[in-house]
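Visitor: Dropping in upload-v9.cif, with mmCIF, C-alpha atoms.
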```cif
data_my_file
#
loop_
_atom_site.label_atom_id
_atom_site.label_comp_id
_atom_site.auth_asym_id
_atom_site.auth_seq_id
_atom_site.Cartn_x
_atom_site.Cartn_y
_atom_site.Cartn_z
CA MET A 1 -26.80 0.96 -9.11
CA ASP A 2 -24.48 3.93 -9.39
CA VAL A 3 -21.06 2.93 -10.63
CA LYS A 4 -18.60 5.77 -10.61
CA GLY A 5 -15.66 6.02 -12.98
CA ASP A 6 -13.05 6.02 -10.26
CA SER A 7 -14.92 3.80 -7.89
CA THR A 8 -13.29 0.95 -6.09
CA SER A 9 -14.90 -2.41 -5.62
CA SER A 10 -16.18 -1.23 -2.25
CA ASP A 11 -18.14 1.58 -3.94
CA VAL A 12 -19.86 -0.54 -6.56
CA VAL A 13 -22.55 -1.33 -4.05
CA SER A 14 -22.75 1.75 -1.87
CA VAL A 15 -23.81 1.97 1.76
CA ASP A 16 -27.03 3.64 0.61
CA ASP A 17 -27.71 0.80 -1.82
CA VAL A 18 -27.56 -1.64 1.08
CA VAL A 19 -29.65 0.53 3.39
CA ASN A 20 -32.27 1.20 0.68
CA GLU A 21 -32.47 -2.48 -0.17
CA ILE A 22 -33.06 -3.36 3.48
CA ILE A 23 -35.73 -0.72 4.03
CA SER A 24 -37.50 -1.69 0.83
CA VAL A 25 -38.11 -5.21 2.07
CA ASP A 26 -38.52 -4.74 5.81
CA LEU A 27 -41.05 -2.17 6.96
CA ASP A 28 -40.08 -2.37 10.61
CA LEU A 29 -36.45 -1.62 9.88
CA ARG A 30 -37.57 1.12 7.48
CA GLU A 31 -39.51 2.77 10.28
CA ILE A 32 -36.61 2.54 12.69
CA GLN A 33 -34.21 4.01 10.16
CA ILE A 34 -36.55 6.83 9.10
CA ARG A 35 -37.31 7.66 12.70
CA TYR A 36 -33.64 8.24 13.10
CA ASP A 37 -32.88 9.84 9.73
CA SER A 38 -35.58 10.47 7.14
CA SER A 39 -33.15 12.20 4.77
CA ILE A 40 -32.18 8.88 3.25
CA LEU A 41 -35.41 9.05 1.26
CA SER A 42 -34.60 12.50 -0.08
CA ASP A 43 -32.82 13.19 -3.39
CA GLN A 44 -30.62 15.69 -1.59
CA HIS A 45 -29.36 13.04 0.74
CA GLU A 46 -25.58 13.06 0.94
CA SER A 47 -24.40 9.53 0.44
CA VAL A 48 -22.06 7.86 2.88
CA SER A 49 -19.13 5.90 1.48
CA TRP A 50 -17.77 2.72 3.01
CA TYR A 51 -14.55 4.54 3.85
CA ASP A 52 -16.48 7.29 5.63
CA LEU A 53 -17.95 4.64 7.90
CA ASP A 54 -14.52 3.64 9.10
CA ASP A 55 -13.06 7.13 9.18
CA GLY A 56 -15.88 8.43 11.34
CA LYS A 57 -16.43 11.29 8.83
CA SER A 58 -20.06 10.44 8.42
CA GLY A 59 -21.00 11.82 11.81
CA ARG A 60 -23.54 9.93 13.86
CA LEU A 61 -24.67 6.78 12.09
CA GLY A 62 -28.23 5.57 11.76
CA PRO A 63 -28.97 2.00 12.85
CA LEU A 64 -28.71 0.56 9.36
CA GLN A 65 -25.52 2.46 8.55
CA ALA A 66 -24.14 1.14 11.83
CA PHE A 67 -25.11 -2.34 10.66
CA CYS A 68 -23.22 -1.69 7.40
CA LYS A 69 -20.22 -0.63 9.42
CA LEU A 70 -20.25 -4.03 11.10
CA LEU A 71 -20.33 -5.68 7.69
CA ASN A 72 -17.45 -3.58 6.45
CA ARG A 73 -14.74 -5.66 8.02
CA ASP A 74 -11.54 -6.89 6.43
CA LYS A 75 -12.37 -10.56 6.91
CA LEU A 76 -15.76 -10.37 5.25
CA PHE A 77 -14.42 -8.00 2.61
CA ASP A 78 -11.65 -10.48 1.75
CA ALA A 79 -14.14 -13.35 1.57
CA CYS A 80 -16.36 -11.32 -0.79
CA GLN A 81 -13.39 -10.45 -2.97
CA VAL A 82 -12.39 -14.10 -3.24
CA ALA A 83 -15.97 -15.07 -4.14
CA ILE A 84 -16.19 -12.31 -6.76
CA ARG A 85 -12.79 -13.27 -8.22
CA THR A 86 -13.89 -16.91 -8.48
CA GLU A 87 -17.09 -15.95 -10.27
CA LEU A 88 -15.20 -13.62 -12.61
CA GLU A 89 -12.70 -16.37 -13.46
CA LYS A 90 -15.61 -18.64 -14.35
CA ILE A 91 -17.13 -15.94 -16.58
CA PHE A 92 -13.80 -15.26 -18.30
CA ALA A 93 -13.23 -18.99 -18.76
CA ILE A 94 -16.55 -19.24 -20.57
CA GLY A 95 -15.56 -16.28 -22.79
CA LYS A 96 -12.30 -17.96 -23.71
CA GLY A 97 -14.02 -21.11 -24.86
CA VAL A 98 -12.87 -23.28 -21.97
CA SER A 99 -16.36 -23.43 -20.63
CA LEU A 100 -16.98 -27.12 -20.85
CA ASP A 101 -13.89 -28.24 -18.95
CA GLY A 102 -14.12 -25.34 -16.55
CA LEU A 103 -17.78 -25.82 -15.79
CA ASP A 104 -17.41 -29.60 -15.66
CA LYS A 105 -14.70 -29.21 -13.09
CA VAL A 106 -16.64 -26.65 -11.08
CA SER A 107 -19.82 -28.72 -11.09
CA ARG A 108 -17.86 -31.92 -10.33
CA ILE A 109 -16.27 -30.27 -7.29
CA LYS A 110 -19.60 -28.80 -6.22
CA ARG A 111 -21.26 -32.21 -6.45
CA ALA A 112 -18.46 -33.87 -4.50
CA THR A 113 -18.48 -31.20 -1.81
CA ALA A 114 -22.27 -31.44 -1.51
CA ALA A 115 -21.98 -35.23 -1.15
CA PHE A 116 -19.31 -34.74 1.50
CA GLU A 117 -21.53 -32.35 3.45
CA ASP A 118 -24.39 -34.80 3.28
CA THR A 119 -25.51 -36.01 6.72
CA PRO A 120 -24.54 -39.71 6.39
CA CYS A 121 -21.05 -38.66 5.41
CA PHE A 122 -19.55 -35.58 7.01
CA THR A 123 -21.99 -35.05 9.88
CA THR A 124 -21.80 -38.71 10.83
CA ALA A 125 -18.00 -38.61 10.59
CA CYS A 126 -17.99 -35.75 13.10
CA TYR A 127 -20.40 -37.61 15.37
CA ALA A 128 -18.32 -40.79 15.06
CA LEU A 129 -15.26 -38.96 16.35
CA GLN A 130 -17.20 -37.72 19.35
CA LEU A 131 -18.82 -41.09 20.06
CA TYR A 132 -15.66 -43.18 19.78
CA SER A 133 -13.62 -40.76 21.91
CA LYS A 134 -16.09 -40.89 24.81
CA LEU A 135 -14.87 -44.07 26.48
CA PRO A 136 -11.12 -43.26 26.51
CA LEU A 137 -12.02 -39.79 27.77
CA ALA A 138 -14.27 -41.19 30.48
CA ILE A 139 -11.50 -43.53 31.63
CA ARG A 140 -8.98 -40.71 31.64
CA SER A 141 -11.24 -38.44 33.65
CA GLY A 142 -12.03 -41.20 36.13
CA LYS A 143 -15.71 -41.30 35.22
CA VAL A 144 -15.21 -44.94 34.33
CA LYS A 145 -12.98 -46.77 36.79
CA CYS A 146 -10.51 -48.98 35.01
CA THR A 147 -7.91 -51.14 36.73
CA GLU A 148 -6.19 -52.11 33.47
CA SER A 149 -3.81 -49.21 32.97
CA SER A 150 -3.03 -50.26 29.43
CA LEU A 151 -6.66 -50.18 28.31
CA GLU A 152 -6.86 -46.39 28.14
CA LYS A 153 -3.77 -46.25 25.94
CA SER A 154 -5.09 -49.10 23.78
CA LEU A 155 -8.42 -47.34 23.29
CA GLU A 156 -6.71 -44.07 22.47
CA HIS A 157 -4.40 -45.80 19.99
CA GLU A 158 -7.36 -47.60 18.42
CA PHE A 159 -9.24 -44.31 18.16
CA LEU A 160 -6.36 -42.58 16.40
CA MET A 161 -5.75 -45.46 14.01
CA GLY A 162 -9.45 -46.02 13.30
CA PRO A 163 -12.06 -43.23 13.36
CA ALA A 164 -9.49 -40.42 13.49
CA THR A 165 -7.54 -41.75 10.51
CA ASP A 166 -10.77 -42.34 8.60
CA PHE A 167 -11.79 -38.73 9.24
CA THR A 168 -8.36 -37.42 8.21
CA MET A 169 -8.39 -39.54 5.06
CA ARG A 170 -11.78 -38.13 4.05
CA LEU A 171 -10.62 -34.59 4.67
CA THR A 172 -7.41 -35.12 2.71
CA GLN A 173 -9.18 -36.68 -0.24
CA LEU A 174 -11.68 -33.82 -0.35
CA CYS A 175 -8.90 -31.22 -0.41
CA LEU A 176 -6.92 -33.10 -3.05
CA TYR A 177 -10.07 -33.46 -5.11
CA LYS A 178 -10.85 -29.77 -4.84
CA HIS A 179 -7.36 -28.80 -5.95
CA ASP A 180 -7.11 -31.44 -8.66
CA LEU A 181 -4.15 -33.14 -6.99
CA THR A 182 -5.48 -36.66 -6.60
CA ASP A 183 -2.75 -38.11 -8.86
CA LEU A 184 0.02 -37.18 -6.46
CA PHE A 185 -0.98 -39.37 -3.51
CA LEU A 186 -1.89 -42.97 -2.77
CA PHE A 187 -4.08 -44.33 0.02
CA THR A 188 -3.39 -47.86 1.14
CA ASP A 189 -5.16 -50.00 3.70
CA ILE A 190 -2.14 -51.38 5.54
CA ASP A 191 -4.03 -54.31 7.09
CA SER A 192 -5.14 -55.73 3.77
CA SER A 193 -2.36 -54.15 1.66
CA HIS A 194 -5.18 -52.92 -0.54
CA LEU A 195 -4.24 -49.92 -2.65
CA CYS A 196 -7.28 -47.70 -2.98
CA ASP A 197 -8.03 -46.80 -6.57
CA ARG A 198 -10.83 -44.39 -5.70
CA THR A 199 -10.26 -40.70 -5.20
CA ASP A 200 -13.73 -39.92 -3.84
CA LEU A 201 -13.96 -42.14 -0.77
CA PHE A 202 -14.82 -39.00 1.17
CA THR A 203 -18.34 -39.12 -0.28
CA ASP A 204 -19.06 -42.59 1.16
CA PRO A 205 -21.44 -42.76 4.13
CA VAL A 206 -19.76 -43.50 7.46
CA ASN A 207 -20.54 -47.00 8.67
CA LEU A 208 -21.16 -46.83 12.41
CA ILE A 209 -21.68 -50.56 12.85
CA THR A 210 -18.32 -51.44 11.39
CA ARG A 211 -16.14 -53.84 13.35
CA ARG A 212 -13.02 -52.66 11.64
CA PHE A 213 -11.84 -49.35 10.19
CA PRO A 214 -9.39 -49.55 7.29
CA LEU A 215 -5.91 -48.60 8.46
CA TRP A 216 -5.29 -45.91 5.88
CA SER A 217 -1.77 -44.91 5.08
CA LEU A 218 -0.82 -41.95 2.90
CA SER A 219 2.09 -42.12 0.45
CA CYS A 220 3.32 -40.30 -2.64
CA SER A 221 2.62 -41.66 -6.08
CA LYS A 222 5.32 -42.27 -8.69
CA LEU A 223 4.40 -38.96 -10.32
CA CYS A 224 6.19 -37.05 -7.61
CA GLY A 225 8.59 -39.71 -6.36
CA SER A 226 7.29 -42.48 -4.19
CA GLN A 227 10.10 -42.01 -1.67
CA ARG A 228 9.03 -38.48 -0.80
CA ASP A 229 7.56 -37.64 2.56
CA PRO A 230 3.80 -37.45 1.88
CA TYR A 231 3.12 -35.16 4.83
CA LYS A 232 5.70 -32.68 3.56
CA LEU A 233 4.28 -32.92 0.06
CA LEU A 234 0.83 -32.02 1.42
CA CYS A 235 2.36 -28.82 2.78
CA ASP A 236 4.10 -28.14 -0.54
CA VAL A 237 1.19 -28.61 -2.92
CA LEU A 238 -1.85 -27.48 -0.97
CA PRO A 239 -2.51 -23.89 0.15
CA GLN A 240 -0.34 -23.10 3.16
CA GLY A 241 -2.74 -23.44 6.10
CA VAL A 242 -4.58 -26.38 4.58
CA GLY A 243 -1.51 -28.50 3.81
CA GLN A 244 0.04 -27.89 7.21
CA ALA A 245 -3.16 -28.69 9.09
CA LEU A 246 -3.72 -31.92 7.17
CA SER A 247 -0.11 -32.93 7.54
CA ARG A 248 -0.30 -32.40 11.29
CA LEU A 249 -3.51 -34.43 11.53
CA TRP A 250 -1.82 -37.35 9.77
CA GLU A 251 1.19 -37.11 12.08
CA LEU A 252 -1.06 -37.10 15.13
CA THR A 253 -2.94 -40.19 14.03
CA ARG A 254 0.40 -41.98 13.91
CA SER A 255 1.86 -40.59 17.11
CA GLN A 256 2.11 -42.31 20.46
CA SER A 257 1.25 -39.94 23.25
CA ASN A 258 3.47 -40.01 26.33
CA ASP A 259 1.72 -37.10 27.92
CA PRO A 260 -0.63 -38.21 30.69
CA SER A 261 -2.15 -34.73 30.92
CA SER A 262 -5.78 -34.41 29.91
CA SER A 263 -5.94 -30.64 29.91
CA ILE A 264 -5.37 -30.17 26.18
CA LEU A 265 -8.32 -32.33 25.27
CA ASP A 266 -10.57 -30.60 27.77
CA GLU A 267 -9.45 -27.28 26.41
CA PHE A 268 -10.05 -28.46 22.88
CA MET A 269 -13.58 -29.62 23.59
CA HIS A 270 -14.28 -26.28 25.23
CA GLN A 271 -12.91 -24.40 22.24
CA VAL A 272 -14.91 -26.47 19.80
CA GLU A 273 -18.07 -25.61 21.67
CA GLU A 274 -17.09 -21.96 21.75
CA ASN A 275 -16.13 -21.75 18.12
CA CYS A 276 -18.35 -24.09 16.21
CA LEU A 277 -21.80 -23.55 17.61
CA MET B 278 -5.73 -37.87 21.06
CA ASN B 279 -5.86 -34.47 22.81
CA ALA B 280 -3.58 -32.99 20.22
CA PHE B 281 -5.59 -34.55 17.42
CA PHE B 282 -8.74 -32.88 18.67
CA SER B 283 -6.93 -29.57 19.05
CA LYS B 284 -5.98 -29.71 15.41
CA LEU B 285 -9.57 -30.32 14.41
CA ILE B 286 -10.26 -26.70 15.26
CA LEU B 287 -8.27 -25.95 12.14
CA TYR B 288 -10.68 -28.13 10.27
CA ARG B 289 -12.93 -25.16 9.64
CA LEU B 290 -10.06 -23.49 7.86
CA ILE B 291 -9.41 -26.54 5.76
CA CYS B 292 -12.70 -27.01 4.00
CA SER B 293 -14.84 -24.16 5.33
CA ILE B 294 -17.45 -26.51 6.79
CA PRO B 295 -17.93 -26.22 10.55
CA PHE B 296 -17.22 -29.28 12.66
CA LYS B 297 -20.61 -30.68 13.65
CA LEU B 298 -21.10 -30.96 17.36
CA MET B 299 -23.45 -33.68 18.49
CA ASP B 300 -26.40 -32.60 20.62
CA LYS B 301 -28.47 -34.93 22.79
CA LYS B 302 -31.18 -35.38 20.19
CA SER B 303 -28.72 -36.22 17.41
CA GLU B 304 -26.91 -38.60 19.75
CA ARG B 305 -30.13 -40.43 20.64
CA GLN B 306 -31.07 -40.74 16.98
CA ILE B 307 -27.71 -41.98 15.83
CA LEU B 308 -27.37 -44.43 18.72
CA LEU B 309 -30.84 -45.85 18.03
CA LYS B 310 -29.98 -46.32 14.38
CA ARG B 311 -26.69 -47.94 15.34
CA ILE B 312 -28.14 -50.38 17.86
CA ASN B 313 -30.77 -51.51 15.35
CA GLY B 314 -28.07 -51.97 12.72
CA LEU B 315 -25.90 -53.98 15.11
CA GLN B 316 -28.84 -56.15 16.16
CA SER B 317 -29.73 -56.89 12.53
CA ALA B 318 -26.12 -57.79 11.79
CA LEU B 319 -26.04 -60.06 14.86
CA GLU B 320 -29.20 -61.88 13.77
CA ILE B 321 -27.82 -62.81 10.37
CA SER B 322 -24.20 -63.46 11.29
CA SER B 323 -22.86 -67.00 11.40
CA ASP B 324 -19.23 -66.11 12.07
CA SER B 325 -18.31 -66.74 15.70
CA VAL B 326 -15.74 -63.93 15.92
CA GLU B 327 -18.14 -61.47 14.35
CA ILE B 328 -20.93 -62.55 16.69
CA THR B 329 -18.75 -62.00 19.75
CA ASP B 330 -17.65 -58.59 18.47
CA LEU B 331 -21.21 -57.51 17.77
CA MET B 332 -22.42 -58.68 21.18
CA VAL B 333 -19.73 -56.68 22.97
CA MET B 334 -20.52 -53.64 20.83
CA ILE B 335 -24.23 -53.89 21.63
CA LEU B 336 -23.71 -54.50 25.35
CA TYR B 337 -21.34 -51.54 25.63
CA GLN B 338 -23.84 -49.24 24.03
CA LYS B 339 -26.92 -50.55 25.86
CA ILE B 340 -25.40 -50.96 29.30
CA MET B 341 -22.56 -48.46 29.47
CA GLY B 342 -23.71 -45.92 26.88
CA TYR B 343 -20.35 -46.03 25.08
CA VAL B 344 -19.51 -46.82 21.49
CA VAL B 345 -16.74 -49.32 20.78
CA TYR B 346 -15.90 -51.43 17.78
CA GLY B 347 -14.40 -54.88 17.21
CA MET B 348 -11.04 -54.54 18.84
CA SER B 349 -8.02 -56.68 19.49
CA PHE B 350 -8.28 -56.14 23.23
CA GLN B 351 -11.84 -57.32 23.59
CA LYS B 352 -11.13 -59.40 26.73
CA GLU B 353 -10.06 -56.26 28.61
CA LEU B 354 -13.21 -54.51 27.46
CA VAL B 355 -15.38 -57.36 28.72
CA LYS B 356 -13.55 -57.27 32.07
CA LEU B 357 -14.20 -53.55 32.29
CA LEU B 358 -17.87 -54.02 31.48
CA ILE B 359 -18.19 -56.60 34.25
CA SER B 360 -16.24 -54.51 36.75
CA THR B 361 -18.56 -51.50 36.41
CA ASN B 362 -21.38 -53.50 38.05
CA LYS B 363 -23.82 -52.01 35.56
CA ALA B 364 -24.54 -55.23 33.70
CA PRO B 365 -27.39 -57.45 34.99
CA GLU B 366 -26.22 -60.57 36.82
CA GLU B 367 -27.46 -62.95 34.13
CA ILE B 368 -25.32 -61.15 31.56
CA VAL B 369 -22.25 -61.05 33.78
CA VAL B 370 -22.45 -64.81 34.30
CA LYS B 371 -22.59 -65.43 30.57
CA LEU B 372 -19.91 -62.86 29.79
CA ASN B 373 -17.43 -64.70 32.00
CA ASP B 374 -17.41 -67.43 29.39
CA ILE B 375 -18.65 -65.57 26.37
CA ASP B 376 -17.62 -68.14 23.76
CA SER B 377 -19.63 -70.93 25.38
CA ASN B 378 -22.72 -68.81 25.98
CA THR B 379 -23.21 -67.25 22.59
CA GLN B 380 -26.74 -68.46 21.99
CA GLU B 381 -28.01 -67.51 25.45
CA LEU B 382 -26.40 -64.10 25.18
CA LYS B 383 -27.94 -63.57 21.77
CA THR B 384 -31.37 -64.20 23.24
CA ILE B 385 -30.76 -61.87 26.18
CA ILE B 386 -29.43 -59.16 23.87
CA ARG B 387 -32.40 -59.53 21.56
CA GLU B 388 -34.73 -58.86 24.49
CA LEU B 389 -32.53 -56.07 25.75
CA VAL B 390 -32.62 -54.25 22.40
CA LYS B 391 -36.28 -55.01 21.81
CA GLY B 392 -37.27 -53.80 25.26
CA GLY B 393 -35.20 -50.65 24.87
CA LYS B 394 -33.99 -51.00 28.45
#
```
Can the structure in the file be given as structure tokens, please?

Guide:
Amino acid sequence: MDVKGDSTSSDVVSVDDVVNEIISVDLDLREIQIRYDSSILSDQHESVSWYDLDDGKSGRLGPLQAFCKLLNRDKLFDACQVAIRTELEKIFAIGKGVSLDGLDKVSRIKRATAAFEDTPCFTTACYALQLYSKLPLAIRSGKVKCTESSLEKSLEHEFLMGPATDFTMRLTQLCLYKHDLTDLFLFTDIDSSHLCDRTDLFTDPVNLITRRFPLWSLSCSKLCGSQRDPYKLLCDVLPQGVGQALSRLWELTRSQSNDPSSSILDEFMHQVEENCL
Amino acid sequence: MNAFFSKLILYRLICSIPFKLMDKKSERQILLKRINGLQSALEISSDSVEITDLMVMILYQKIMGYVVYGMSFQKELVKLLISTNKAPEEIVVKLNDIDSNTQELKTIIRELVKGGK
């Protein structure tokens, strides 16, 4: 790999490096590329920089250079930089003799995240939300005729206090765990007044035959003042978007909706299908 | 609830794991697993409140295709189940006095689950 003295991080792996790597492993793509531009195999080939791709200075692009242009987007670039920075921090941590703690923490978080992503846990939690929301949605849409007007509200309330709160609790615990902030918050089951002493409940499998979901409540521990607003503290201590999103989820699980409109939910379901598939 | 779901879109930003949408196959699998779990729990339970809860949960899933859990407004749920006219007559009759017909309902439910109707 050609690393130039004044190169930027985007030049460390050049466009040609990527193209050559692709054509070395895929003969079909190699043929397509060479059919378009065989000079890439020549020593006299003038290399194309990542900046040239965006500036349009490279003239007409071959199919694989065009593919590289698609890769060369700010969002992906930022994600790669974050990943590289994280890896570098780990390497430097090892060099400074903090390897054991650092690696322990990294592997602990990796294990916990892997357990969270495990099918009986996270996937089932997502499915549970969709399954438990079906009946209140069907009543709202008129698919199920219901003469008891209060039943729809009761089901919605039960959904928010049960499966939705369980999901939010898992998500919150995972984020606190990842950022090493588990000491700042307490989770209490209001129904049984049981204070949870575990910080990794998010790795537990979701029990779909349960008759009762714990009524989780979030509060601040004594470390940061038990009178503080826990939702605000989430915003203060977690990265901006994460804290705000979690805080809002908690607020929603505790809110009583007075809006009879169903359009937001329909829109949401549509957006989820659009964005998550 | 609408607003809660809207916020879940942000979920992907929170922990970088996409929200898992349930397809028909996953739904069938998870519902089959659930009904078997509920039936097993019903067979071994000796608590009357638990038995009633489990029966309503099973009947909702088998007859209506919806998932509910032991709730404080169970009577309203039973009324709704009856009013949909989807439940067989023999079940409706027993459901009208669910507490007195526990054993008969258990037998019917056992057959219902076993037969996969």

Visitor: Please evaluate the PyMOL selection byres ((chain A) within 7 of (chain B)) against the structure above and give the resulting residues as a list of chain:residue names.

Guide: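 Checked against the file, the PyMOL selection byres ((chain A) within 7 of (chain B)) matches A:Thr123, A:Cys126, A:Tyr127, A:Leu131, A:Tyr132, A:Lys134, A:Leu135, A:Cys146, A:Leu151, A:Glu156, A:Leu160, A:Leu208, A:Ile209, A:Thr210, A:Arg211, A:Arg212, A:Val242, A:Ala245, A:Leu249, A:Leu252, A:Ile264, A:Leu265, A:Phe268, A:Val272, A:Cys276.
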
Visitor: (-25.6, -63.8, 22.6) in this file's frame - what residues fall within 10 Å of it? Use only C-alpha atoms and give the answer as number ranges by chain.

Guide: B: 319-320, 328-329, 331-333, 336, 368, 371-372, 375-387

Visitor: Which residues fall under the PyMOL selection byres ((chain A and resi 62) around 9) in this file, as a PyMOL selection string?

Guide: chain A and resi 32-34+36-37+60-61+63-67

Visitor: For atom CA of A:Pro205 and atom CA of A:Asp189, determine how far apart the two atoms are, in Å to one decimal place.

Guide: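 So the two atoms, atom CA of A:Pro205 and atom CA of A:Asp189, lie 17.8 Å apart.
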
Visitor: To one decimal in Å, tell me the separation between atom CA of A:Lys110 and atom CA of A:Cys80.

Guide: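 That distance, rounded to one decimal, is 18.6 Å.
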
Visitor: Any idea what the distance is between atom CA of A:Ile84 and atom CA of A:Arg30?

Guide: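 These two atoms are separated by 29.0 Å.
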